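One structure is given below, encoded as structure tokens.
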Amino acid sequence: MCGIIGYTGKKQAEPILLEGLKRLEYRGYDSAGIAILKNGTIEVRKKQGKLHVLADELRRLPIEGITGIGHVRWATHGIPNEINAHPHLDEKKKIAVVHNGIIENYQALKKKLITEGHRFISDTDTEVIPHLIEKFYKGNLTDAVRRAASLLKGSYAICCFHKNEPHKIVGARCDSPLIIGLGKNENFFASDIPAILNYTQNVVFIDNAEIAEITPKSYRIINYKGKKILRKPTRIKWNISQAEKEGFKHFMLKEIFEQGKVTKNILEERIKKNSIHFEELALKNTDLKRIKNIAIVACGTAFHAGLTGQYVLESLTGIPVWVDTSSEFRYRNPIVGKETLAIFISQSGETADTLAALREAKRKGAKTLAICNVLASSIARESDGVVYTHAGPEIAVASTKAYTAQLTILYLLSMHIARKRSKLSEKDFNKLLLQFKKLPHILEKTLSKYRKEKNNIANYAKLFREYYLKMHHKSTFLYLARNINYPNALEGALKLKEISYISAEGYPAGEMKHGPIALIDENPWVVCIATKSAVYDKMISNIQEIKARGGIVIAVATEGDKSIRNQNINYIIEIPEISEFFSPIVVVVPLQLLAYYVAREFNYDIDQPRNLAKSVTVE
Ligand code: F6R
């Protein structure tokens, strides 16, 4: 939900801001803008549409200057037009502000400011901020921001500068991410690490209710009372190539193909001498033994990972597990307490609903554990313990490698808890570990089939498009699976609708007769997960029922399964043989690829699908 960046140093700010915004574009892409201090005047360029529109404008009308801020927007208040795009200025055009988040009390503040003579030009909530700063400004921007920020309610990360303090940028944060990047004779603000990785790996994380100021040679953090806060930088292990496409057409494809390496890294990091290590877990063995129930809470794809986690945790640990979407959990008055382990899964670690759900669980006394990808993100910091997925930056809006990384961690965590609670014998534990260690190789084998441009999934996507046009855009998708792969049916459907805008539903195949079978005619394409498993025969029966009603079936099957070839199935996608228990981590790969190729057939903007933003930092 919006990305912000700030730069002050010796170099020209414009290309640095643009490059940073490019790496933040996944956060919002309906408009973009920058403000740079040029010879004592604030110059602004903003444009409706994606970042390239702003870049074109800047080629026509460049701005020189060494201090500036930038913004990519995902509209909340006010339509995505040029006036509502950030940066926003005060009336005298002395202060420029970019903002990520929502100011919930903006109407009351605006009303008051108007009675005091301020004039507004946009429909945004953000515009109150430069006016408030203007009101409090007495020659020290940091102090004015501190006084303004203490009046704001809602979520925000802000960056701003004042034309009278030319080498200073001030930031503030409350529930939206903001970091400082420390360079040599140059410093940065950004919403996320990839935006500054080209210049520095030294990062200072700003906490809630903190104000920070940077100059080219210094940084300083204070709280809302003006008290100085000392915080050392953290060295980030990510490198810039991880945030590049590296020859792939889209980040999504690159990230799908990274999944073998990501799981391999996780297993190598966590498994040492046949035992599982979670240094950051912060849960003592006594805590693990005390748990009576587990709640898994997450949104979207992370929620689907949680659903698989339920199967795995329950079967290995014997502890009852339930899974909730964060937006429901936070308002449902859930029954959690001291004997609950509440696990919050979030790639970004900033999802507003998941963060609120975490706070609710803590308030009720649960032990909390985060599974996050982004280092030092809000959810990671506020949980009692955290396990990082270390999947590297995920740039495509549609989540892929973060999902398989979350699954990998959930399997390891389940095995770890089961072992600590003596629910898994050493022999069974070692047997599972042995199988698990083979997984990265199986994933690589699966992916290697699709490295060629022409492959059967790409071909099925092409056939689908032709069919879709023939059927006058009526074709849809239904995804069916059972047992431990059921969450993958939901995930496959989510991936497809996110990036190809085609209606898709995921269902447990056993529920088909309770409704979805009514949908079956020649329109929907039904993706059936029918890999070798305990529920294989039941899936074959479901396939027969679909075929009997004229449905079109794509089956995900196990390599070498000859009998599935006799089922009159329209299209078959094979995956290598793998135990049913670990299969979800592999089965999802062809589903991700199918969604990718369908969207590519329609020429959609795969990495930045309409209306979506990767990090949902507002409710
Ligand atoms: C789907 C997707 C979203 C996210 C969801 C949660 O491809 O990306 O559904 O999974 O918004 O985001 P995080 O994991 O950052 O909390």
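The way I read the labels, and the way they are meant: chains A, B, ... in the order of the structure tokens, residue 1 as the first residue of every chain, and ligand 1 as the first ligand shown, with later ones counted on from there.
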
If you count only C-alpha atoms, which residues fall within 12 Å of His277 in chain A, apart from same-chain ones fewer than 6 positions away, as a PyMOL selection string? chain A and resi 266-271+283+387+409+412-413+415-417+419-420

When DSSP works through the backbone of this structure, what residues of range 170-357 of chain A end up as alpha helix (DSSP H), shown as a PyMOL selection string? chain A and resi 251-257+259-270+285-290+300-317+326-329+352-357

Just asking: which residues within range 510-563 of chain A are strand (DSSP E or B) according to DSSP, as a PyMOL selection string? chain A and resi 525-530+552-558

If the limit is 7 Å from any atom of ligand 1, counting only C-alpha atoms and all ligand atoms, which residues qualify? Return them as a list of chain:residue names.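 I would give the residues around ligand 1 as A:Ala298, A:Cys299, A:Gly300, A:Thr301, A:Ala302, A:Ile345, A:Ser346, A:Gln347, A:Ser348, A:Gly349, A:Glu350, A:Thr351, A:Thr354, A:Val397, A:Ala398, A:Ser399, A:Thr400, A:Leu494, A:Lys495, A:Glu498, A:Lys614, A:Ser615, A:Val616.
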
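Minimum atom-to-atom distances from A:Gly3, A:Gln201, A:Asn274, A:Arg73 to Lys431 in chain A were compared using only C-alpha atoms, and the lowest value belongs to A:Asn274.
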
Pick out the closest residue to Asp125 in chain A from this set: A:Ile103, A:Leu113, A:Ile484, A:Ile256. Count only C-alpha atoms.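 Closest to Asp125 in chain A, using only C-alpha atoms: A:Ile103.
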
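Take the candidates A:Thr325, A:Ser377, A:Gln544, A:Ser500 and check each one against Ala595 in chain A using only C-alpha atoms; the shortest distance goes to A:Ser500.
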